[in-house]
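Reproduced below: structure_5.txt, with compact mmCIF, C-alpha atoms and all ligand atoms.
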```txt
# COMPACT_ATOMS: atom_id res chain seq x y z
CA MET A 1 49.99 123.13 55.32
CA ALA A 2 50.58 125.48 58.26
CA ALA A 3 54.16 125.94 59.42
CA PRO A 4 54.61 123.96 62.63
CA SER A 5 55.34 125.91 65.77
CA GLY A 6 56.07 124.98 69.34
CA THR A 7 58.62 122.48 70.46
CA MET A 8 60.07 119.22 69.15
CA ARG A 9 62.05 116.27 70.45
CA ALA A 10 65.76 116.41 69.75
CA VAL A 11 69.00 114.76 70.82
CA GLN A 12 71.89 117.09 71.59
CA TYR A 13 75.20 117.33 73.45
CA ASP A 14 76.47 120.29 75.38
CA ARG A 15 80.23 119.74 75.64
CA TYR A 16 83.13 117.95 73.98
CA GLY A 17 83.54 114.28 74.80
CA GLY A 18 81.19 111.92 76.54
CA GLY A 19 80.40 109.61 73.60
CA ALA A 20 76.91 108.13 73.42
CA GLN A 21 76.36 108.85 77.10
CA GLY A 22 76.93 112.55 76.39
CA LEU A 23 73.79 112.71 74.23
CA LYS A 24 70.75 114.22 75.93
CA HIS A 25 67.07 113.98 74.99
CA VAL A 26 65.54 117.43 75.06
CA GLU A 27 62.47 119.41 73.99
CA VAL A 28 63.52 122.50 72.03
CA PRO A 29 61.80 125.06 69.78
CA ILE A 30 61.12 123.97 66.19
CA PRO A 31 63.58 125.92 64.00
CA SER A 32 62.25 128.46 61.48
CA PRO A 33 63.57 128.38 57.92
CA LYS A 34 65.48 131.53 57.03
CA LYS A 35 65.72 133.04 53.58
CA GLY A 36 66.67 130.32 51.09
CA GLU A 37 66.00 127.49 53.57
CA VAL A 38 63.41 124.76 53.90
CA LEU A 39 62.00 123.24 57.08
CA ILE A 40 61.94 119.44 56.93
CA ARG A 41 59.84 117.14 59.08
CA MET A 42 62.51 114.55 59.65
CA GLU A 43 61.99 110.91 58.77
CA ALA A 44 65.59 109.72 58.94
CA THR A 45 69.17 110.84 59.41
CA SER A 46 72.30 108.76 59.00
CA LEU A 47 75.35 109.07 61.21
CA ASN A 48 78.81 109.78 59.84
CA ALA A 49 82.24 109.72 61.42
CA ALA A 50 82.02 113.53 61.48
CA ASP A 51 79.19 113.39 64.04
CA CYS A 52 81.39 111.63 66.55
CA LYS A 53 84.55 113.51 65.56
CA PHE A 54 82.89 116.87 66.26
CA GLN A 55 81.79 115.61 69.66
CA ASN A 56 85.31 114.33 70.33
CA GLY A 57 86.69 117.78 69.69
CA THR A 58 88.50 117.03 66.40
CA GLY A 59 87.20 120.35 65.01
CA ARG A 60 87.75 122.27 68.25
CA PRO A 61 87.19 125.18 68.78
CA VAL A 62 85.20 125.95 65.62
CA MET A 63 83.15 122.75 65.26
CA PRO A 64 80.57 122.61 66.54
CA ARG A 65 80.00 126.34 66.28
CA ALA A 66 78.12 126.51 69.59
CA PHE A 67 76.79 124.31 72.39
CA PRO A 68 74.34 122.75 72.85
CA PHE A 69 74.66 121.08 69.45
CA ILE A 70 72.14 118.89 67.63
CA SER A 71 74.17 116.62 65.37
CA GLY A 72 73.01 114.83 62.19
CA PHE A 73 74.16 116.26 58.87
CA ASP A 74 72.31 113.93 56.46
CA LEU A 75 68.60 114.72 56.36
CA ALA A 76 65.63 112.91 54.82
CA GLY A 77 61.99 113.80 55.29
CA GLU A 78 59.14 115.98 54.08
CA ILE A 79 59.16 119.71 53.54
CA VAL A 80 56.70 121.48 55.82
CA SER A 81 57.52 125.15 55.23
CA LEU A 82 59.69 127.37 53.09
CA GLY A 83 61.89 130.35 53.87
CA ALA A 84 61.66 133.49 51.77
CA GLY A 85 62.79 133.12 48.18
CA VAL A 86 62.41 129.33 47.91
CA ASN A 87 60.43 128.55 44.76
CA ASP A 88 61.62 125.10 43.73
CA PHE A 89 59.94 123.15 46.55
CA LYS A 90 56.52 123.07 48.16
CA PRO A 91 55.20 121.70 51.45
CA GLY A 92 54.65 117.97 51.16
CA ASP A 93 57.69 117.35 48.93
CA LYS A 94 59.82 114.39 49.99
CA VAL A 95 63.50 115.31 50.02
CA ILE A 96 67.00 114.59 51.16
CA ALA A 97 69.40 117.35 52.17
CA ILE A 98 72.73 118.04 53.76
CA ASN A 99 73.22 120.57 56.53
CA PHE A 100 76.95 120.52 57.16
CA PRO A 101 78.44 121.63 59.50
CA ASN A 102 75.33 122.93 61.25
CA GLY A 103 73.65 119.55 61.73
CA GLY A 104 70.20 119.41 63.28
CA GLY A 105 69.19 115.98 61.95
CA LEU A 106 68.78 114.27 65.32
CA ALA A 107 65.42 115.94 65.81
CA GLU A 108 61.82 115.88 64.64
CA TYR A 109 62.38 118.94 62.41
CA ALA A 110 65.50 120.40 60.77
CA VAL A 111 66.33 123.22 58.38
CA ALA A 112 68.55 123.02 55.30
CA SER A 113 69.48 125.29 52.46
CA ALA A 114 67.16 124.74 49.49
CA SER A 115 70.26 124.72 47.29
CA LEU A 116 71.48 121.62 49.16
CA THR A 117 68.11 119.86 49.11
CA ALA A 118 67.12 117.32 46.46
CA ALA A 119 63.70 115.87 45.63
CA ARG A 120 63.32 112.23 46.70
CA PRO A 121 61.27 109.93 44.47
CA PRO A 122 58.85 107.45 46.08
CA GLU A 123 61.12 104.54 45.11
CA VAL A 124 63.81 105.82 47.51
CA SER A 125 62.97 105.36 51.17
CA ALA A 126 63.85 108.00 53.73
CA ALA A 127 66.39 105.64 55.29
CA GLU A 128 68.06 104.97 51.93
CA GLY A 129 68.03 108.64 51.03
CA ALA A 130 69.53 109.64 54.37
CA CYS A 131 72.57 107.48 53.61
CA LEU A 132 73.54 109.40 50.49
CA PRO A 133 74.52 113.03 51.16
CA ILE A 134 77.87 112.59 52.90
CA ALA A 135 78.88 108.97 52.36
CA ALA A 136 77.78 108.30 48.78
CA VAL A 137 78.77 111.75 47.54
CA THR A 138 82.21 111.32 49.11
CA ALA A 139 82.59 107.97 47.33
CA LEU A 140 81.57 109.55 44.02
CA ARG A 141 83.86 112.54 44.31
CA SER A 142 86.80 110.51 45.55
CA LEU A 143 86.64 108.28 42.50
CA GLN A 144 86.32 111.29 40.22
CA ARG A 145 89.24 113.01 41.94
CA ALA A 146 91.32 109.86 41.45
CA GLY A 147 90.62 110.06 37.72
CA VAL A 148 88.16 107.16 37.60
CA SER A 149 85.52 107.71 34.92
CA LEU A 150 82.07 106.74 36.18
CA ASP A 151 80.40 106.99 32.83
CA PRO A 152 80.76 103.62 31.06
CA ALA A 153 79.28 105.20 27.90
CA ARG A 154 82.41 107.32 27.52
CA GLY A 155 84.30 104.16 26.75
CA SER A 156 87.37 104.89 28.87
CA SER A 157 89.54 101.87 29.51
CA PRO A 158 88.98 100.05 32.81
CA LYS A 159 91.22 101.08 35.68
CA ASN A 160 92.46 99.10 38.60
CA VAL A 161 90.81 100.62 41.65
CA LEU A 162 91.50 99.84 45.32
CA VAL A 163 88.95 100.76 47.98
CA THR A 164 90.07 100.43 51.60
CA ALA A 165 87.48 99.92 54.37
CA ALA A 166 85.08 98.83 51.66
CA SER A 167 82.51 97.64 54.21
CA GLY A 168 82.12 101.14 55.66
CA GLY A 169 79.70 103.96 54.90
CA VAL A 170 81.82 105.51 52.14
CA GLY A 171 83.62 102.37 50.96
CA HIS A 172 80.54 100.28 50.15
CA PHE A 173 79.33 103.00 47.79
CA ALA A 174 82.78 103.43 46.20
CA VAL A 175 83.01 99.71 45.39
CA GLN A 176 79.62 99.74 43.65
CA LEU A 177 80.24 102.94 41.68
CA ALA A 178 83.63 101.79 40.41
CA SER A 179 82.48 98.26 39.64
CA GLN A 180 79.36 99.33 37.75
CA ALA A 181 81.42 101.67 35.61
CA GLY A 182 83.42 98.65 34.48
CA HIS A 183 86.59 99.07 36.53
CA ASN A 184 88.54 96.28 38.23
CA VAL A 185 87.97 96.63 41.94
CA THR A 186 90.13 95.32 44.76
CA ALA A 187 88.79 96.01 48.24
CA THR A 188 89.84 95.60 51.85
CA CYS A 189 87.51 94.81 54.73
CA GLY A 190 87.25 92.57 57.77
CA GLU A 191 86.84 88.81 57.39
CA ARG A 192 83.14 88.94 58.32
CA ASN A 193 82.37 91.21 55.36
CA LEU A 194 84.36 89.51 52.57
CA ALA A 195 81.25 88.00 50.94
CA LEU A 196 79.22 91.21 51.23
CA VAL A 197 81.92 93.32 49.58
CA ARG A 198 82.28 90.76 46.80
CA SER A 199 78.51 90.91 46.28
CA LEU A 200 78.76 94.69 45.87
CA GLY A 201 81.05 94.18 42.89
CA ALA A 202 84.61 93.81 44.15
CA ASP A 203 86.64 91.36 42.04
CA GLU A 204 89.27 90.80 44.71
CA VAL A 205 88.80 91.18 48.45
CA LEU A 206 91.53 91.32 51.08
CA ASP A 207 91.02 90.76 54.80
CA TYR A 208 92.73 93.78 56.33
CA LYS A 209 93.91 91.77 59.32
CA THR A 210 96.04 89.41 57.18
CA PRO A 211 99.59 90.22 55.97
CA GLU A 212 98.25 90.44 52.38
CA GLY A 213 95.58 92.91 53.49
CA ALA A 214 98.06 94.98 55.45
CA SER A 215 100.34 95.22 52.41
CA LEU A 216 97.36 96.09 50.14
CA ARG A 217 98.79 93.77 47.49
CA SER A 218 96.35 92.62 44.84
CA PRO A 219 96.13 88.79 44.75
CA SER A 220 96.41 88.91 40.93
CA GLY A 221 99.31 91.36 41.00
CA ARG A 222 97.36 94.39 39.77
CA LYS A 223 98.94 97.78 40.25
CA TYR A 224 96.33 100.35 41.22
CA ASP A 225 95.59 103.37 39.06
CA ALA A 226 93.36 104.77 41.77
CA VAL A 227 92.90 104.22 45.48
CA VAL A 228 89.96 105.48 47.52
CA HIS A 229 91.45 105.30 50.98
CA CYS A 230 88.62 105.14 53.50
CA ALA A 231 90.34 103.19 56.29
CA THR A 232 91.08 105.44 59.20
CA THR A 233 94.15 103.43 60.13
CA GLY A 234 96.95 105.52 58.69
CA PHE A 235 99.03 103.78 56.03
CA PRO A 236 102.46 105.27 55.39
CA TRP A 237 103.18 106.23 51.79
CA SER A 238 105.70 103.37 51.72
CA VAL A 239 102.75 100.91 51.75
CA PHE A 240 100.96 102.58 48.84
CA LYS A 241 103.96 103.33 46.64
CA PRO A 242 104.87 99.77 45.61
CA VAL A 243 101.26 98.82 44.81
CA LEU A 244 100.51 101.85 42.61
CA ALA A 245 100.68 102.01 38.82
CA ALA A 246 103.20 104.47 37.36
CA ALA A 247 100.78 107.41 37.63
CA GLY A 248 98.56 106.02 40.38
CA THR A 249 96.60 108.35 42.67
CA VAL A 250 95.61 107.73 46.27
CA VAL A 251 92.71 109.85 47.50
CA ASP A 252 92.87 110.09 51.28
CA ILE A 253 89.50 111.07 52.76
CA THR A 254 90.83 111.26 56.33
CA PRO A 255 93.73 113.60 55.69
CA GLY A 256 96.03 114.52 58.52
CA PHE A 257 99.32 116.35 58.84
CA VAL A 258 101.36 113.49 57.35
CA SER A 259 99.24 113.07 54.22
CA VAL A 260 99.06 116.82 53.59
CA THR A 261 102.85 117.10 53.95
CA THR A 262 103.35 114.07 51.68
CA ALA A 263 101.06 115.61 49.06
CA ILE A 264 102.93 118.92 49.11
CA LEU A 265 106.30 117.17 48.80
CA GLN A 266 105.05 115.13 45.85
CA MET A 267 103.83 118.25 44.10
CA ALA A 268 107.15 119.96 44.68
CA THR A 269 109.05 116.99 43.25
CA PHE A 270 106.67 116.43 40.29
CA SER A 271 106.03 112.88 41.48
CA LYS A 272 103.79 110.89 39.11
CA LYS A 273 102.41 108.78 41.94
CA ARG A 274 100.25 111.08 44.01
CA LEU A 275 98.50 111.28 47.37
CA VAL A 276 95.52 113.63 47.31
CA PRO A 277 93.92 114.76 50.59
CA LEU A 278 90.22 115.35 50.01
CA ILE A 279 87.42 116.97 52.01
CA VAL A 280 84.12 116.80 50.15
CA MET A 281 81.36 119.40 50.31
CA PRO A 282 78.38 117.66 48.68
CA LYS A 283 76.38 119.39 45.95
CA LYS A 284 72.74 118.99 45.04
CA GLU A 285 73.63 117.58 41.58
CA ASP A 286 75.68 114.80 43.20
CA MET A 287 72.79 113.87 45.47
CA GLU A 288 70.39 113.85 42.53
CA LEU A 289 72.70 111.65 40.47
CA LEU A 290 73.09 109.11 43.26
CA MET A 291 69.41 109.15 44.16
CA GLY A 292 68.64 108.35 40.53
CA MET A 293 70.89 105.31 40.80
CA VAL A 294 69.14 104.13 43.98
CA LYS A 295 65.79 104.65 42.26
CA GLN A 296 66.91 102.50 39.31
CA GLY A 297 68.22 99.86 41.68
CA THR A 298 71.80 100.20 40.47
CA LEU A 299 73.13 101.57 43.76
CA LYS A 300 72.38 99.75 46.98
CA THR A 301 72.55 101.28 50.44
CA VAL A 302 73.78 98.82 53.01
CA ILE A 303 72.27 99.70 56.38
CA ASP A 304 74.12 98.40 59.41
CA SER A 305 71.33 99.15 61.84
CA ARG A 306 68.25 101.31 62.35
CA HIS A 307 67.44 103.06 65.60
CA SER A 308 64.62 105.24 66.86
CA LEU A 309 65.33 108.80 68.00
CA SER A 310 64.80 107.61 71.57
CA SER A 311 67.55 105.01 71.03
CA ALA A 312 69.92 107.35 69.21
CA GLN A 313 72.66 106.56 71.72
CA GLU A 314 72.81 102.96 70.47
CA GLY A 315 73.32 104.11 66.90
CA TRP A 316 75.86 106.70 68.01
CA ALA A 317 77.87 104.05 69.87
CA LYS A 318 77.81 101.74 66.83
CA SER A 319 78.91 104.50 64.47
CA MET A 320 81.61 105.62 66.88
CA SER A 321 82.99 102.09 67.21
CA GLY A 322 84.29 102.25 63.63
CA HIS A 323 82.83 98.77 63.04
CA ALA A 324 79.58 99.49 61.26
CA THR A 325 78.84 97.59 58.06
CA GLY A 326 77.43 100.28 55.78
CA LYS A 327 75.41 103.06 57.38
CA VAL A 328 73.84 103.61 60.78
CA VAL A 329 70.39 105.19 60.44
CA ILE A 330 68.18 106.96 62.97
CA GLU A 331 64.49 106.86 61.98
CA MET A 332 62.23 109.42 63.63
CA GLY A 333 58.99 107.47 63.21
CA ARG A 334 60.49 104.16 64.25
CA ALA A 335 58.68 102.32 67.02
CA GLU A 336 60.68 101.80 70.20
N1 LIG B 401 86.84 113.72 53.38
C1 LIG B 401 85.52 113.69 53.50
O1 LIG B 401 84.83 114.59 53.00
C2 LIG B 401 84.90 112.55 54.24
C3 LIG B 401 83.55 112.23 54.07
C4 LIG B 401 83.03 111.12 54.73
C5 LIG B 401 83.85 110.37 55.56
N2 LIG B 401 85.15 110.74 55.72
C6 LIG B 401 86.05 109.95 56.58
O2 LIG B 401 86.24 108.69 55.98
C7 LIG B 401 86.51 107.73 56.96
C8 LIG B 401 85.64 106.52 56.70
O3 LIG B 401 84.29 106.88 56.91
P1 LIG B 401 83.14 105.78 56.87
O4 LIG B 401 81.89 106.47 57.25
O5 LIG B 401 83.20 105.02 55.62
O6 LIG B 401 83.65 104.84 58.07
P2 LIG B 401 82.89 103.65 58.79
O7 LIG B 401 81.57 103.41 58.16
O8 LIG B 401 82.90 103.93 60.25
O9 LIG B 401 83.86 102.40 58.49
C9 LIG B 401 83.65 101.26 59.23
C10 LIG B 401 84.11 100.03 58.46
O10 LIG B 401 85.51 100.11 58.16
C11 LIG B 401 86.10 98.82 58.35
N3 LIG B 401 87.51 99.02 58.68
C12 LIG B 401 88.02 99.63 59.76
N4 LIG B 401 89.38 99.67 59.69
C13 LIG B 401 89.71 99.06 58.53
C14 LIG B 401 90.95 98.79 57.87
N5 LIG B 401 92.12 99.15 58.41
N6 LIG B 401 90.91 98.18 56.68
C15 LIG B 401 89.75 97.80 56.11
N7 LIG B 401 88.54 98.02 56.69
C16 LIG B 401 88.53 98.65 57.88
C17 LIG B 401 85.30 98.22 59.48
O11 LIG B 401 85.38 96.82 59.40
P3 LIG B 401 85.47 95.90 60.74
O12 LIG B 401 84.26 96.23 61.54
O13 LIG B 401 85.50 94.52 60.22
O14 LIG B 401 86.74 96.32 61.46
C18 LIG B 401 83.90 98.77 59.23
O15 LIG B 401 83.08 97.88 58.48
C19 LIG B 401 86.27 108.42 58.31
O16 LIG B 401 87.51 108.80 58.87
C20 LIG B 401 85.49 109.66 57.95
O17 LIG B 401 85.71 110.72 58.85
C21 LIG B 401 85.67 111.80 55.07
```
Structure translated into C-alpha cells:
Amino acid sequence: MAAPSGTMRAVQYDRYGGGAQGLKHVEVPIPSPKKGEVLIRMEATSLNAADCKFQNGTGRPVMPRAFPFISGFDLAGEIVSLGAGVNDFKPGDKVIAINFPNGGGLAEYAVASASLTAARPPEVSAAEGACLPIAAVTALRSLQRAGVSLDPARGSSPKNVLVTAASGGVGHFAVQLASQAGHNVTATCGERNLALVRSLGADEVLDYKTPEGASLRSPSGRKYDAVVHCATTGFPWSVFKPVLAAAGTVVDITPGFVSVTTAILQMATFSKKRLVPLIVMPKKEDMELLMGMVKQGTLKTVIDSRHSLSSAQEGWAKSMSGHATGKVVIEMGRAE
C-alpha cells in the first residue's frame, strides 16, 4: 500500500475560545509518520473534556503547543504507512491509538507513536475503540489508584466504590469495571440516566440534583473505600470525609488548586482518609486490556451520539455542554 500524499480534510481551530463555532473545516497536507510513528487513516475519534478545555485556554500557554490546532486525541482507524523503526505493525492493520497532547484526530489521517498504538480486533468497531484510550483507561487507572482490585481471581474482598458522574465518558466505564470485579458500586448521575447506570452494574444510584445525591450518602449506609470522582462540580473535602471508610481514598480526576493543597495537607498530617489528584497518561497495555474486554463483550461503550467530520461542531458542542451520556464520537466515513 503506497503512503498517501497530498491533502486531507481536517477540522481545526486557530485561537483560544470560540467553542464549536471556532472550529474550521480546512484542507491541509497529510502528515508523514516520523521515526517510531504510524500513519492512520482515521475511521473515528472520540471527544474528551480535554479537547474543549484546550480550546478554552485551560492549558494556556503550552496547550495547544501551536495554532492552528487539530484536536482529537483518541484515534481509531487503519494503518497506511510506517515511520522508520516500526516493526510491530503493517499497513492494513486496524488499530486504536492515543496522541496526547498533540491531537490530530479530527482529520482523515493522523499520526501516533507506535508505542501508544494497539491492534484492534474485528469484533471491536472503530467507534467503540475510539472511546477507550482516554476515558476507559482513566477509569481503569483511577480504580487501581484508589486501591480497587480489578482482578476477581485474586479473591480480594469486595470494596464499597462510589463513582460520581457515572453517566459520563469516564464514569460509565468505571462503574462497569468495578462492578464486574465484584465490588459494591454506588453511583451518581442525573435523573434521566438512573436506569442506564443501574444497567451498567451500579447497585445504588443517586440523582445528583437531590439532597441525597449532593451529600453523596449511600442509601444503604455504606462507607466508601474508594471514590472515583468524575463530576466536574467541585465537592469540598467536608462532603467526602463523612461518607468515607476509615482508610477511604478519593481519586479526583479533575484536580485543581484546592484538591492538590488538600492532598498535600493530608500527606503532611498522615491522614488515613486521602484525596489523590490524578492525571492519567494512557499506556498501550491498558488499551489492550480494555479492548480485550470489549471484544469479549464484558465492557460496553455507551455512545451518546455519532457525528460526521463535516458535522464535528455538533459533537463538539455536545461534548462541551458537559451533558453527554457516555462518549461523543466523530466518524470519518459517516454519511452526512
Ligand atoms: N485526570 C485525567 O487524566 C482525566 C482523563 C479524562 C477525563 N478527565 C476529566 O474528568 C472529568 C469527567 O470527564 P468525562 O469525559 O467523564 O465527562 P463527561 O462525559 O462530559 O460527563 C458528562 C456527564 O456527567 C454528568 N454530570 C455532570 N455533573 C454531574 C454531577 N455533579 N454529578 C453527577 N453527574 C454529573 C452529566 O449528567 P447530566 O447530563 O444529567 O447533567 C453527564 O452525563 C472532566 O473534567 C475531564 O476533564 C480527567
Best match for closeness to Cys189 in chain A among A:Asn87, A:Thr325, A:Ser115, A:Asn102, counting all atoms listed in the file: A:Thr325
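CA of Thr138 in chain A sits 13.0 Å away from CA of Ala178 in chain A.
Residue nearest Asp14 in chain A, chosen from A:Cys131, A:Val328, A:Val26, A:Val250 and counting all atoms listed in the file: A:Val26.
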Which residues sit within 7 Å of ligand LIG 401 (chain B), counting all atoms listed in the file, listed as a ChimeraX atom specification? /A:48-50,134-135,138,164-171,188-193,208,230-233,253-254,278-281,319-320,322-327
File dump, residues just selected, C-alpha atoms, as a PDB file, in the frame of the given file:
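What landed in again-v1.pdb:
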```pdb
ATOM      1  CA  ASN A  48      78.810 109.780  59.840  1.00  0.00           C
ATOM      2  CA  ALA A  49      82.240 109.720  61.420  1.00  0.00           C
ATOM      3  CA  ALA A  50      82.020 113.530  61.480  1.00  0.00           C
ATOM      4  CA  ILE A 134      77.870 112.590  52.900  1.00  0.00           C
ATOM      5  CA  ALA A 135      78.880 108.970  52.360  1.00  0.00           C
ATOM      6  CA  THR A 138      82.210 111.320  49.110  1.00  0.00           C
ATOM      7  CA  THR A 164      90.070 100.430  51.600  1.00  0.00           C
ATOM      8  CA  ALA A 165      87.480  99.920  54.370  1.00  0.00           C
ATOM      9  CA  ALA A 166      85.080  98.830  51.660  1.00  0.00           C
ATOM     10  CA  SER A 167      82.510  97.640  54.210  1.00  0.00           C
ATOM     11  CA  GLY A 168      82.120 101.140  55.660  1.00  0.00           C
ATOM     12  CA  GLY A 169      79.700 103.960  54.900  1.00  0.00           C
ATOM     13  CA  VAL A 170      81.820 105.510  52.140  1.00  0.00           C
ATOM     14  CA  GLY A 171      83.620 102.370  50.960  1.00  0.00           C
ATOM     15  CA  THR A 188      89.840  95.600  51.850  1.00  0.00           C
ATOM     16  CA  CYS A 189      87.510  94.810  54.730  1.00  0.00           C
ATOM     17  CA  GLY A 190      87.250  92.570  57.770  1.00  0.00           C
ATOM     18  CA  GLU A 191      86.840  88.810  57.390  1.00  0.00           C
ATOM     19  CA  ARG A 192      83.140  88.940  58.320  1.00  0.00           C
ATOM     20  CA  ASN A 193      82.370  91.210  55.360  1.00  0.00           C
ATOM     21  CA  TYR A 208      92.730  93.780  56.330  1.00  0.00           C
ATOM     22  CA  CYS A 230      88.620 105.140  53.500  1.00  0.00           C
ATOM     23  CA  ALA A 231      90.340 103.190  56.290  1.00  0.00           C
ATOM     24  CA  THR A 232      91.080 105.440  59.200  1.00  0.00           C
ATOM     25  CA  THR A 233      94.150 103.430  60.130  1.00  0.00           C
ATOM     26  CA  ILE A 253      89.500 111.070  52.760  1.00  0.00           C
ATOM     27  CA  THR A 254      90.830 111.260  56.330  1.00  0.00           C
ATOM     28  CA  LEU A 278      90.220 115.350  50.010  1.00  0.00           C
ATOM     29  CA  ILE A 279      87.420 116.970  52.010  1.00  0.00           C
ATOM     30  CA  VAL A 280      84.120 116.800  50.150  1.00  0.00           C
ATOM     31  CA  MET A 281      81.360 119.400  50.310  1.00  0.00           C
ATOM     32  CA  SER A 319      78.910 104.500  64.470  1.00  0.00           C
ATOM     33  CA  MET A 320      81.610 105.620  66.880  1.00  0.00           C
ATOM     34  CA  GLY A 322      84.290 102.250  63.630  1.00  0.00           C
ATOM     35  CA  HIS A 323      82.830  98.770  63.040  1.00  0.00           C
ATOM     36  CA  ALA A 324      79.580  99.490  61.260  1.00  0.00           C
ATOM     37  CA  THR A 325      78.840  97.590  58.060  1.00  0.00           C
ATOM     38  CA  GLY A 326      77.430 100.280  55.780  1.00  0.00           C
ATOM     39  CA  LYS A 327      75.410 103.060  57.380  1.00  0.00           C
TER      40      LYS A 327
END
```
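Using all atoms listed in the file, the smallest distance between any of A:Val38, A:Leu177, A:Met293, A:Ala268 and Thr117 in chain A comes from A:Val38.
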What are the centre and the three edge lengths of an axis-aligned box that wraps all atoms of range 144-159 of chain A in the file, given that 3 Å is added to every side, written as lines of an AutoDock Vina configuration file and rounded to one decimal in Å?
```
center_x = 85.3
center_y = 106.5
center_z = 34.3
size_x = 18.0
size_y = 19.0
size_z = 21.2
```
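Nearest-residue note for Gly92 in chain A: choosing from A:Thr45, A:Arg141, A:Leu39, A:Gln55, the minimum distance belongs to A:Leu39, counting all atoms listed in the file.
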Within 7 Å of (65.9, 104.9, 67.2) in the file's own coordinates, which protein, DNA or RNA residues have an atom, counting all atoms listed in the file? List them as a PyMOL selection string. chain A and resi 306-312+330-332+334+336
As an exercise, work out the distance from CA of Leu47 in chain A to CA of Val260 in chain A in Å and give it to one decimal place. 26.1 Å
Can you pull out the residues contacting Leu116 in chain A? Cut-off 8 Å, using only C-alpha atoms, and skip same-chain residues under 4 positions away; I want them as an MDAnalysis selection string. chainID A and resid 97:99 112 282:284
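Coordinates place CA of Asn160 in chain A at a distance of 10.8 Å from CA of Val243 in chain A.
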